[in-house]
Structure formats: C-alpha cells, structure tokens
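K.L.:
Take a look at the following structure, please.
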Amino acid sequence: MRAARFHEYGGAESLVIEQAPEPHPGPGEIRVRVAAASVNPIDWKLRAGALRQLLPLELPAVPGRDAAGVVDEVGDGVQGVSIGDRVFGLGGVTGATAELVILSAWAHAPDTWNDEQAAGAGLASVTAMRGLNALGSLAGRTLLVEGAAGGVGSAAVEIAVAQGATVIGTASERNHEFLTALGAVPITYGPGLAQRLSALAPHGVDIVLDTAASGSLDDLVAITGDPTRVSTVADHAGGQRLGTHVVNAENDSTLLSAAAKLGRQGRYTPRIEQTYPLERIVDAHAHAERGRTRGKIVIYI
C-alpha cells in the first residue's frame, strides 16, 4: 500500500511517500480503506521527536491517528459493522496517513459529512467531548472555550451549543466571524480577557474549556474562581499544578457515535481549513506546525 512515512525524527521534509506493508486487524479491530485522514498536533510532534521519551516509535512510522473511509476487513469479535460500511474513527498514535489503516474505535459516518469532514471528526470530537464532559451538565451554563477556532475548539463550540450552553470563544479577530457562524460569541484572547468578559458575560463565566495551551490557564482559573470549573485538553502540566480537570483523548466508540448523531442532526459539522493530497503531506504538516488553524487540516488519499 502507499503510505506517508518518516524513517527518522525530523522536520516535515523527512516525510516520504512509499510502499509499506499492509496492516491487518486483530480482535476487536477493523481495517479501513482510507479516503481521508486528518493532521493533528500530536502527528507533527511525534514526527519531530518531541514526544520520543513519552511515546517512542518503531521507525519507519506512518503519521496520523484518525481517518475516514470504507471498511474492507473485520477482526474477530467485531459486531455492528460490515465490509463496505463508511466509517470514521481512531487507531493507534500512528498509521492513518496511508491507503489502509487499522481502527480500534469507530462510528458510521453521517451522510451529511463528506469524507474530509468525517476524517476531521475523530480525534477532535472525542477530545472536545471528554473535555466538556469533565465539566458536568452544560445546559443553561455559560462556557468559555479558549482556542475556539482550532480543530478541537471549533468542535467543542458546536457540541456545547447543541447541549444547551451559552458559548463564548476566544480567537484572533480574523476568526470572529467564523466563531459566530459556529454559534459562539467571539472574544479576543490574551491580556485583559477578564475585563472584556465582564462586558460580554456580566453574570460571569460558569465553566472553561482550554484547548489552546497558550499559557493562559492561570487566568482562566482566576476567571471562574475555582480550578474544578476548568478543564484543559492541552496544558497538562499547568492543569496538574493548578488542580483543573486534565483530559486526554481516548479511543471511545461511544463518543464517536454521539458525534455522528449530532452530525446527522445537523448540529455538528467538522470544520476544514484546508485539504491536501497525500503527495503534499510535507506541506500539510508544515501548515499544521505553524498553528493558528481554523478548523482541521485534512489529507485525502
């Protein structure tokens, strides 16, 4: 099969397109013929070697954790999905940017999403939902999402609005119209945020989800007055120091199915900033590494 691989840790230019061995599913897994795969921050951090102590890789490695496509092989014990079904989901920390991928968590892709949108939903929706779930019921509460224009942040905005929250989202001014379209009240991030919030939310902010790791966690805790009303999916060290909820993504088919249900209802649509063909994965990784994306970056196979 064709795949993007890197044979040593390094910059985006270390990625090459080449033939790689075909994977096969084990018990409880499925194999998917990939239509598209997304690019997440963990992908370029793993490729660069920034996480080699925490998550050492067997090289050469295929980047990518989530993808969408059509099931073409089913492992032992798998129920509720058949060859030919269109799905999206999550595999290991690597392996998705290839013609074939093994998924251990998946859901049927809504007809309302194209392949690129389905590919962008996996890691973003699971991360957003776990971060939101840590904060308890959202209905009737005012939620601040830090980094609301990114892949996880934009998913969190739509999912929280669907659950009845009033959402305020931080982003640069160029993304304020984008946040309004998602259903959030936009606000500029950075120094003075608490003062700007007092005008937008005179009764205060109930809960906060940090998706940005921008160094603002101390300020976000101060805004709520209680670290247990803050959840971070991005600044784990800061969250542990301050006592906030610290959340990691997990391969959870239940959460993927919940995201798909919102997709069928038209209440959650993964936002895609740009798509690249597999042959331009170097450009896709470089784009992702620059940061400040509006939604997801997706590679079509």
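All residue names refer to the structure tokens as shown: chains lettered A, B, ... in order, residues numbered from 1 in each chain, ligands numbered from 1 in order.
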Could you produce a table of the residues of segment 175-287 of chain A lying within 10 Å of segment 23-41 of chain A, with the nearest pair of atoms per residue and their separation in Å rounded to one decimal, using only C-alpha atoms, ordered by chain and increasing residue number, as a Markdown table?
P.N.:
```
| residue | atom | partner | partner_atom | distance |
| --- | --- | --- | --- | --- |
| A:Ile272 | CA | A:Ser38 | CA | 9.5 |
| A:Thr275 | CA | A:Ser38 | CA | 8.9 |
| A:Tyr276 | CA | A:Ala36 | CA | 9.6 |
| A:Pro277 | CA | A:Ala36 | CA | 9.0 |
| A:Leu278 | CA | A:Ala36 | CA | 8.9 |
| A:Ile281 | CA | A:Val39 | CA | 9.2 |
| A:Ala284 | CA | A:Val39 | CA | 7.5 |
| A:His285 | CA | A:Val39 | CA | 7.1 |
| A:His287 | CA | A:Val39 | CA | 9.6 |
```
K.L.:
Give me a file of those residues, with N, CA, C and O atoms, as a PDB file, in the first residue's frame.
P.N.:
```
ATOM      1  N   ILE A 272     -13.215  22.330   8.140  1.00  0.00           N
ATOM      2  CA  ILE A 272     -11.963  22.012   7.469  1.00  0.00           C
ATOM      3  C   ILE A 272     -11.345  23.296   6.929  1.00  0.00           C
ATOM      4  O   ILE A 272     -11.969  24.006   6.146  1.00  0.00           O
ATOM      5  N   THR A 275      -7.462  21.150   2.610  1.00  0.00           N
ATOM      6  CA  THR A 275      -7.167  19.759   2.291  1.00  0.00           C
ATOM      7  C   THR A 275      -5.944  19.690   1.384  1.00  0.00           C
ATOM      8  O   THR A 275      -5.673  20.608   0.602  1.00  0.00           O
ATOM      9  N   TYR A 276      -5.211  18.591   1.517  1.00  0.00           N
ATOM     10  CA  TYR A 276      -4.021  18.347   0.702  1.00  0.00           C
ATOM     11  C   TYR A 276      -4.087  16.914   0.192  1.00  0.00           C
ATOM     12  O   TYR A 276      -4.541  16.014   0.913  1.00  0.00           O
ATOM     13  N   PRO A 277      -3.561  16.650  -1.013  1.00  0.00           N
ATOM     14  CA  PRO A 277      -3.401  15.255  -1.436  1.00  0.00           C
ATOM     15  C   PRO A 277      -2.260  14.622  -0.654  1.00  0.00           C
ATOM     16  O   PRO A 277      -1.378  15.310  -0.110  1.00  0.00           O
ATOM     17  N   LEU A 278      -2.246  13.300  -0.595  1.00  0.00           N
ATOM     18  CA  LEU A 278      -1.192  12.584   0.117  1.00  0.00           C
ATOM     19  C   LEU A 278       0.195  13.020  -0.349  1.00  0.00           C
ATOM     20  O   LEU A 278       1.125  13.138   0.466  1.00  0.00           O
ATOM     21  N   ILE A 281       1.896  15.850   1.693  1.00  0.00           N
ATOM     22  CA  ILE A 281       1.850  15.740   3.151  1.00  0.00           C
ATOM     23  C   ILE A 281       2.906  16.630   3.819  1.00  0.00           C
ATOM     24  O   ILE A 281       2.688  17.123   4.931  1.00  0.00           O
ATOM     25  N   ALA A 284       1.230  19.822   4.244  1.00  0.00           N
ATOM     26  CA  ALA A 284       0.172  19.720   5.255  1.00  0.00           C
ATOM     27  C   ALA A 284       0.752  19.777   6.663  1.00  0.00           C
ATOM     28  O   ALA A 284       0.230  20.464   7.550  1.00  0.00           O
ATOM     29  N   HIS A 285       1.845  19.049   6.888  1.00  0.00           N
ATOM     30  CA  HIS A 285       2.477  19.063   8.212  1.00  0.00           C
ATOM     31  C   HIS A 285       3.074  20.429   8.520  1.00  0.00           C
ATOM     32  O   HIS A 285       2.973  20.916   9.657  1.00  0.00           O
ATOM     33  N   HIS A 287       2.023  23.276   7.433  1.00  0.00           N
ATOM     34  CA  HIS A 287       0.866  24.128   7.709  1.00  0.00           C
ATOM     35  C   HIS A 287       0.385  23.913   9.141  1.00  0.00           C
ATOM     36  O   HIS A 287       0.173  24.864   9.900  1.00  0.00           O
TER      37      HIS A 287
END
```
K.L.:
For Gly122 of chain A, find every residue with an atom within 10 Å (counting only C-alpha atoms), except residues of its own chain fewer than 6 positions away, and show them as JSON, numbers by chain.
P.N.:
{"A": [37, 38, 65, 66, 67, 68, 88, 89, 90, 91, 105, 106, 107, 251, 252, 253, 255, 256, 259, 260, 270]}
K.L.:
Quote the spacing between atom CA of Ala50 of chain A and atom CA of Tyr189 of chain A in Å to one decimal place.
P.N.:
26.6 Å
K.L.:
Pick out each residue of segment 61-284 of chain A that DSSP on the backbone tags as strand (DSSP E or B); I need them as a tab-separated table (two decimals) with N, CA, C and O atoms, in the first residue's frame.
P.N.:
```tsv
chain	number	residue	atom	x	y	z
A	61	ALA	N	7.75	5.08	10.59
A	61	ALA	CA	6.39	5.19	11.11
A	61	ALA	C	5.52	5.98	10.14
A	61	ALA	O	5.99	6.87	9.44
A	66	ASP	N	-6.30	9.51	13.11
A	66	ASP	CA	-7.72	9.33	12.76
A	66	ASP	C	-7.94	9.43	11.27
A	66	ASP	O	-7.18	10.09	10.55
A	67	ALA	N	-8.98	8.74	10.81
A	67	ALA	CA	-9.23	8.65	9.37
A	67	ALA	C	-10.69	8.30	9.12
A	67	ALA	O	-11.43	7.92	10.03
A	68	ALA	N	-11.06	8.43	7.86
A	68	ALA	CA	-12.40	8.02	7.41
A	68	ALA	C	-12.26	7.24	6.11
A	68	ALA	O	-11.35	7.48	5.32
A	69	GLY	N	-13.17	6.29	5.91
A	69	GLY	CA	-13.13	5.51	4.69
A	69	GLY	C	-14.13	4.36	4.76
A	69	GLY	O	-15.09	4.40	5.52
A	70	VAL	N	-13.86	3.33	3.98
A	70	VAL	CA	-14.78	2.20	3.85
A	70	VAL	C	-14.14	0.95	4.44
A	70	VAL	O	-12.98	0.63	4.14
A	71	VAL	N	-14.89	0.24	5.27
A	71	VAL	CA	-14.40	-0.99	5.91
A	71	VAL	C	-14.12	-2.04	4.84
A	71	VAL	O	-14.95	-2.30	3.97
A	72	ASP	N	-12.92	-2.64	4.90
A	72	ASP	CA	-12.63	-3.72	3.94
A	72	ASP	C	-12.15	-5.00	4.60
A	72	ASP	O	-11.91	-6.00	3.93
A	73	GLU	N	-12.00	-5.01	5.93
A	73	GLU	CA	-11.63	-6.23	6.64
A	73	GLU	C	-12.09	-6.05	8.09
A	73	GLU	O	-11.96	-4.96	8.66
A	74	VAL	N	-12.60	-7.12	8.68
A	74	VAL	CA	-13.16	-7.06	10.03
A	74	VAL	C	-12.48	-8.11	10.91
A	74	VAL	O	-12.37	-9.27	10.53
A	86	ARG	N	-19.25	2.80	5.51
A	86	ARG	CA	-18.46	4.04	5.57
A	86	ARG	C	-18.35	4.48	7.02
A	86	ARG	O	-19.37	4.73	7.69
A	87	VAL	N	-17.14	4.59	7.53
A	87	VAL	CA	-16.93	4.87	8.95
A	87	VAL	C	-15.85	5.94	9.12
A	87	VAL	O	-15.12	6.27	8.18
A	88	PHE	N	-15.76	6.45	10.33
A	88	PHE	CA	-14.64	7.31	10.73
A	88	PHE	C	-14.22	6.86	12.12
A	88	PHE	O	-15.01	6.26	12.86
A	89	GLY	N	-12.96	7.14	12.48
A	89	GLY	CA	-12.56	6.71	13.80
A	89	GLY	C	-11.09	6.87	14.07
A	89	GLY	O	-10.37	7.60	13.37
A	90	LEU	N	-10.64	6.14	15.10
A	90	LEU	CA	-9.30	6.29	15.64
A	90	LEU	C	-8.57	4.96	15.68
A	90	LEU	O	-9.16	3.93	15.98
A	98	ALA	N	-2.30	6.63	5.15
A	98	ALA	CA	-1.95	5.52	4.26
A	98	ALA	C	-3.22	5.05	3.57
A	98	ALA	O	-4.33	5.47	3.91
A	100	LEU	N	-4.46	2.11	3.77
A	100	LEU	CA	-5.17	1.22	4.69
A	100	LEU	C	-4.79	1.57	6.12
A	100	LEU	O	-3.62	1.83	6.41
A	101	VAL	N	-5.76	1.52	7.03
A	101	VAL	CA	-5.48	1.80	8.43
A	101	VAL	C	-6.30	0.87	9.31
A	101	VAL	O	-7.41	0.46	8.94
A	102	ILE	N	-5.77	0.56	10.48
A	102	ILE	CA	-6.49	-0.23	11.47
A	102	ILE	C	-7.12	0.72	12.48
A	102	ILE	O	-6.43	1.57	13.05
A	103	LEU	N	-8.43	0.57	12.70
A	103	LEU	CA	-9.14	1.38	13.69
A	103	LEU	C	-9.59	0.49	14.84
A	103	LEU	O	-10.05	-0.63	14.63
A	105	ALA	N	-11.50	2.16	17.35
A	105	ALA	CA	-12.74	2.85	17.75
A	105	ALA	C	-13.30	3.52	16.51
A	105	ALA	O	-12.55	4.14	15.75
A	106	TRP	N	-14.61	3.41	16.31
A	106	TRP	CA	-15.19	3.94	15.07
A	106	TRP	C	-16.68	4.15	15.25
A	106	TRP	O	-17.30	3.68	16.21
A	107	ALA	N	-17.25	4.86	14.27
A	107	ALA	CA	-18.69	5.03	14.17
A	107	ALA	C	-19.04	5.17	12.69
A	107	ALA	O	-18.18	5.53	11.88
A	108	HIS	N	-20.28	4.88	12.36
A	108	HIS	CA	-20.71	5.08	10.98
A	108	HIS	C	-20.74	6.57	10.66
A	108	HIS	O	-21.25	7.37	11.46
A	142	THR	N	-22.86	29.18	31.13
A	142	THR	CA	-22.01	29.96	30.23
A	142	THR	C	-20.62	29.35	30.22
A	142	THR	O	-19.96	29.25	31.25
A	143	LEU	N	-20.20	28.91	29.03
A	143	LEU	CA	-18.93	28.23	28.83
A	143	LEU	C	-17.99	29.12	28.03
A	143	LEU	O	-18.38	29.66	26.99
A	144	LEU	N	-16.76	29.24	28.49
A	144	LEU	CA	-15.70	29.90	27.74
A	144	LEU	C	-14.81	28.83	27.13
A	144	LEU	O	-14.31	27.96	27.84
A	145	VAL	N	-14.61	28.88	25.82
A	145	VAL	CA	-13.70	27.97	25.13
A	145	VAL	C	-12.48	28.77	24.71
A	145	VAL	O	-12.57	29.69	23.89
A	146	GLU	N	-11.33	28.43	25.27
A	146	GLU	CA	-10.06	29.08	24.92
A	146	GLU	C	-9.48	28.35	23.71
A	146	GLU	O	-9.29	27.14	23.72
A	150	GLY	N	-9.73	26.50	16.60
A	150	GLY	CA	-8.95	25.34	16.18
A	150	GLY	C	-9.81	24.11	15.98
A	150	GLY	O	-11.04	24.14	16.11
A	166	THR	N	-24.43	28.44	26.64
A	166	THR	CA	-24.08	29.70	26.00
A	166	THR	C	-22.57	29.73	25.91
A	166	THR	O	-21.88	29.63	26.93
A	167	VAL	N	-22.04	29.82	24.70
A	167	VAL	CA	-20.61	29.66	24.49
A	167	VAL	C	-19.97	30.98	24.08
A	167	VAL	O	-20.43	31.65	23.15
A	168	ILE	N	-18.90	31.33	24.79
A	168	ILE	CA	-18.03	32.43	24.41
A	168	ILE	C	-16.72	31.81	23.98
A	168	ILE	O	-16.16	30.95	24.67
A	169	GLY	N	-16.22	32.21	22.81
A	169	GLY	CA	-14.99	31.59	22.29
A	169	GLY	C	-13.90	32.60	22.05
A	169	GLY	O	-14.15	33.67	21.48
A	170	THR	N	-12.68	32.28	22.49
A	170	THR	CA	-11.55	33.17	22.22
A	170	THR	C	-10.90	32.81	20.89
A	170	THR	O	-10.77	31.63	20.54
A	185	VAL	N	-20.21	33.36	20.90
A	185	VAL	CA	-19.96	34.79	20.99
A	185	VAL	C	-18.44	34.97	20.98
A	185	VAL	O	-17.76	34.47	21.88
A	186	PRO	N	-17.88	35.63	19.96
A	186	PRO	CA	-16.41	35.70	19.87
A	186	PRO	C	-15.82	36.77	20.78
A	186	PRO	O	-16.45	37.81	21.04
A	187	ILE	N	-14.61	36.51	21.25
A	187	ILE	CA	-13.87	37.46	22.06
A	187	ILE	C	-12.39	37.26	21.77
A	187	ILE	O	-11.95	36.14	21.49
A	207	ILE	N	-17.99	27.94	33.47
A	207	ILE	CA	-17.02	26.87	33.23
A	207	ILE	C	-16.15	27.24	32.04
A	207	ILE	O	-16.54	28.05	31.18
A	208	VAL	N	-14.96	26.62	31.98
A	208	VAL	CA	-14.00	26.94	30.92
A	208	VAL	C	-13.40	25.65	30.38
A	208	VAL	O	-13.03	24.75	31.14
A	209	LEU	N	-13.26	25.59	29.06
A	209	LEU	CA	-12.51	24.52	28.40
A	209	LEU	C	-11.32	25.15	27.69
A	209	LEU	O	-11.49	26.01	26.81
A	210	ASP	N	-10.12	24.72	28.05
A	210	ASP	CA	-8.89	25.21	27.43
A	210	ASP	C	-8.43	24.20	26.38
A	210	ASP	O	-8.12	23.06	26.70
A	230	VAL	N	-12.67	24.35	35.52
A	230	VAL	CA	-11.84	24.49	34.33
A	230	VAL	C	-11.35	23.11	33.90
A	230	VAL	O	-10.92	22.31	34.72
A	231	SER	N	-11.41	22.86	32.60
A	231	SER	CA	-10.91	21.62	32.02
A	231	SER	C	-9.91	21.97	30.93
A	231	SER	O	-10.14	22.89	30.13
A	232	THR	N	-8.78	21.29	30.91
A	232	THR	CA	-7.81	21.51	29.83
A	232	THR	C	-7.52	20.20	29.11
A	232	THR	O	-7.35	19.15	29.74
A	245	HIS	N	-9.34	20.04	35.80
A	245	HIS	CA	-9.53	18.75	35.14
A	245	HIS	C	-8.51	18.66	33.99
A	245	HIS	O	-8.35	19.61	33.22
A	246	VAL	N	-7.80	17.57	33.92
A	246	VAL	CA	-6.82	17.34	32.86
A	246	VAL	C	-7.29	16.13	32.06
A	246	VAL	O	-7.43	15.03	32.61
A	272	ILE	N	-13.21	22.33	8.14
A	272	ILE	CA	-11.96	22.01	7.47
A	272	ILE	C	-11.34	23.30	6.93
A	272	ILE	O	-11.97	24.01	6.15
A	273	GLU	N	-10.12	23.58	7.37
A	273	GLU	CA	-9.43	24.77	6.86
A	273	GLU	C	-8.87	24.52	5.47
A	273	GLU	O	-9.02	25.34	4.57
A	274	GLN	N	-8.20	23.38	5.30
A	274	GLN	CA	-7.59	23.11	4.01
A	274	GLN	C	-7.36	21.61	3.85
A	274	GLN	O	-7.13	20.90	4.83
A	275	THR	N	-7.46	21.15	2.61
A	275	THR	CA	-7.17	19.76	2.29
A	275	THR	C	-5.94	19.69	1.38
A	275	THR	O	-5.67	20.61	0.60
A	276	TYR	N	-5.21	18.59	1.52
A	276	TYR	CA	-4.02	18.35	0.70
A	276	TYR	C	-4.09	16.91	0.19
A	276	TYR	O	-4.54	16.01	0.91
A	277	PRO	N	-3.56	16.65	-1.01
A	277	PRO	CA	-3.40	15.26	-1.44
A	277	PRO	C	-2.26	14.62	-0.65
A	277	PRO	O	-1.38	15.31	-0.11
```
K.L.:
Show me, as a ChimeraX atom specification, the residues that have an atom within 10 Å of segment 151-156 of chain A when counting only C-alpha atoms, minus same-chain residues fewer than 4 positions from it.
P.N.:
/A:39-41,120-121,123-132,145-147,160-162,167,169-171,178-179,182-184,209-212,233-234,259,268-273,292-297
K.L.:
Applying 10 Å and only C-alpha atoms, which residues near Arg47 of chain A remain after dropping the ones on its own chain fewer than 5 positions away? List them as a JSON list (two decimals) with N, CA, C and O atoms, in the first residue's frame.
P.N.:
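Ended up saving to out_3.json:
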```json
[["chain", "number", "residue", "atom", "x", "y", "z"],
["A", 5, "ARG", "N", 5.58, 8.04, 5.25],
["A", 5, "ARG", "CA", 6.37, 7.52, 6.37],
["A", 5, "ARG", "C", 7.55, 8.45, 6.65],
["A", 5, "ARG", "O", 8.01, 9.19, 5.77],
["A", 6, "PHE", "N", 8.04, 8.37, 7.87],
["A", 6, "PHE", "CA", 9.31, 9.01, 8.20],
["A", 6, "PHE", "C", 10.22, 7.96, 8.82],
["A", 6, "PHE", "O", 9.80, 7.16, 9.64],
["A", 7, "HIS", "N", 11.47, 7.95, 8.36],
["A", 7, "HIS", "CA", 12.44, 6.94, 8.79],
["A", 7, "HIS", "C", 13.31, 7.42, 9.94],
["A", 7, "HIS", "O", 14.04, 6.63, 10.54],
["A", 8, "GLU", "N", 13.25, 8.72, 10.22],
["A", 8, "GLU", "CA", 13.97, 9.28, 11.37],
["A", 8, "GLU", "C", 13.21, 10.51, 11.83],
["A", 8, "GLU", "O", 12.43, 11.10, 11.09],
["A", 9, "TYR", "N", 13.39, 10.88, 13.09],
["A", 9, "TYR", "CA", 12.74, 12.07, 13.61],
["A", 9, "TYR", "C", 13.31, 13.30, 12.90],
["A", 9, "TYR", "O", 14.51, 13.37, 12.60],
["A", 10, "GLY", "N", 12.43, 14.27, 12.64],
["A", 10, "GLY", "CA", 12.92, 15.48, 11.98],
["A", 10, "GLY", "C", 11.78, 16.37, 11.54],
["A", 10, "GLY", "O", 10.63, 16.23, 11.99],
["A", 11, "GLY", "N", 12.08, 17.30, 10.63],
["A", 11, "GLY", "CA", 11.11, 18.24, 10.12],
["A", 11, "GLY", "C", 10.13, 17.60, 9.15],
["A", 11, "GLY", "O", 10.23, 16.40, 8.83],
["A", 12, "ALA", "N", 9.21, 18.40, 8.66],
["A", 12, "ALA", "CA", 8.20, 17.89, 7.73],
["A", 12, "ALA", "C", 8.84, 17.27, 6.50],
["A", 12, "ALA", "O", 8.30, 16.33, 5.92],
["A", 14, "SER", "N", 11.12, 15.31, 6.28],
["A", 14, "SER", "CA", 11.52, 13.91, 6.49],
["A", 14, "SER", "C", 10.45, 12.93, 6.02],
["A", 14, "SER", "O", 10.70, 11.73, 5.94],
["A", 15, "LEU", "N", 9.26, 13.42, 5.70],
["A", 15, "LEU", "CA", 8.17, 12.56, 5.26],
["A", 15, "LEU", "C", 8.34, 12.18, 3.79],
["A", 15, "LEU", "O", 8.66, 13.03, 2.95],
["A", 42, "ILE", "N", -0.45, 16.20, 17.57],
["A", 42, "ILE", "CA", 0.37, 15.07, 18.01],
["A", 42, "ILE", "C", 1.14, 14.44, 16.85],
["A", 42, "ILE", "O", 2.23, 13.90, 17.04],
["A", 52, "ARG", "N", 9.39, 11.63, 22.03],
["A", 52, "ARG", "CA", 10.03, 10.32, 21.92],
["A", 52, "ARG", "C", 10.23, 9.64, 23.28],
["A", 52, "ARG", "O", 10.27, 8.42, 23.36],
["A", 57, "LEU", "N", 8.59, 5.58, 19.10],
["A", 57, "LEU", "CA", 8.02, 4.94, 17.92],
["A", 57, "LEU", "C", 9.00, 3.93, 17.33],
["A", 57, "LEU", "O", 10.21, 4.09, 17.43],
["A", 61, "ALA", "N", 7.75, 5.08, 10.59],
["A", 61, "ALA", "CA", 6.39, 5.19, 11.11],
["A", 61, "ALA", "C", 5.52, 5.98, 10.14],
["A", 61, "ALA", "O", 5.99, 6.87, 9.44],
["A", 62, "VAL", "N", 4.24, 5.63, 10.13],
["A", 62, "VAL", "CA", 3.23, 6.32, 9.32],
["A", 62, "VAL", "C", 2.49, 7.29, 10.24],
["A", 62, "VAL", "O", 1.89, 6.87, 11.22],
["A", 63, "PRO", "N", 2.53, 8.60, 9.98],
["A", 63, "PRO", "CA", 1.84, 9.52, 10.88],
["A", 63, "PRO", "C", 0.33, 9.43, 10.74],
["A", 63, "PRO", "O", -0.19, 8.94, 9.74],
["A", 64, "GLY", "N", -0.36, 9.91, 11.77],
["A", 64, "GLY", "CA", -1.82, 10.01, 11.69],
["A", 64, "GLY", "C", -2.54, 9.08, 12.64],
["A", 64, "GLY", "O", -2.20, 7.90, 12.75],
["A", 94, "THR", "N", -0.11, 6.27, 15.52],
["A", 94, "THR", "CA", 0.38, 6.41, 14.15],
["A", 94, "THR", "C", -0.42, 5.47, 13.25],
["A", 94, "THR", "O", -1.16, 4.61, 13.72],
["A", 285, "HIS", "N", 1.84, 19.05, 6.89],
["A", 285, "HIS", "CA", 2.48, 19.06, 8.21],
["A", 285, "HIS", "C", 3.07, 20.43, 8.52],
["A", 285, "HIS", "O", 2.97, 20.92, 9.66]]
```
K.L.:
Hey, what does DSSP flag as alpha helix (DSSP H) within segment 13-208 of chain A? Can you give it to me as JSON, numbers by chain?
P.N.:
{"A": [41, 42, 43, 44, 45, 46, 47, 48, 115, 116, 117, 118, 119, 122, 123, 124, 125, 126, 127, 128, 129, 130, 131, 132, 133, 151, 152, 153, 154, 155, 156, 157, 158, 159, 160, 161, 162, 176, 177, 178, 179, 180, 181, 182, 193, 194, 195, 196, 197, 198, 199, 200]}
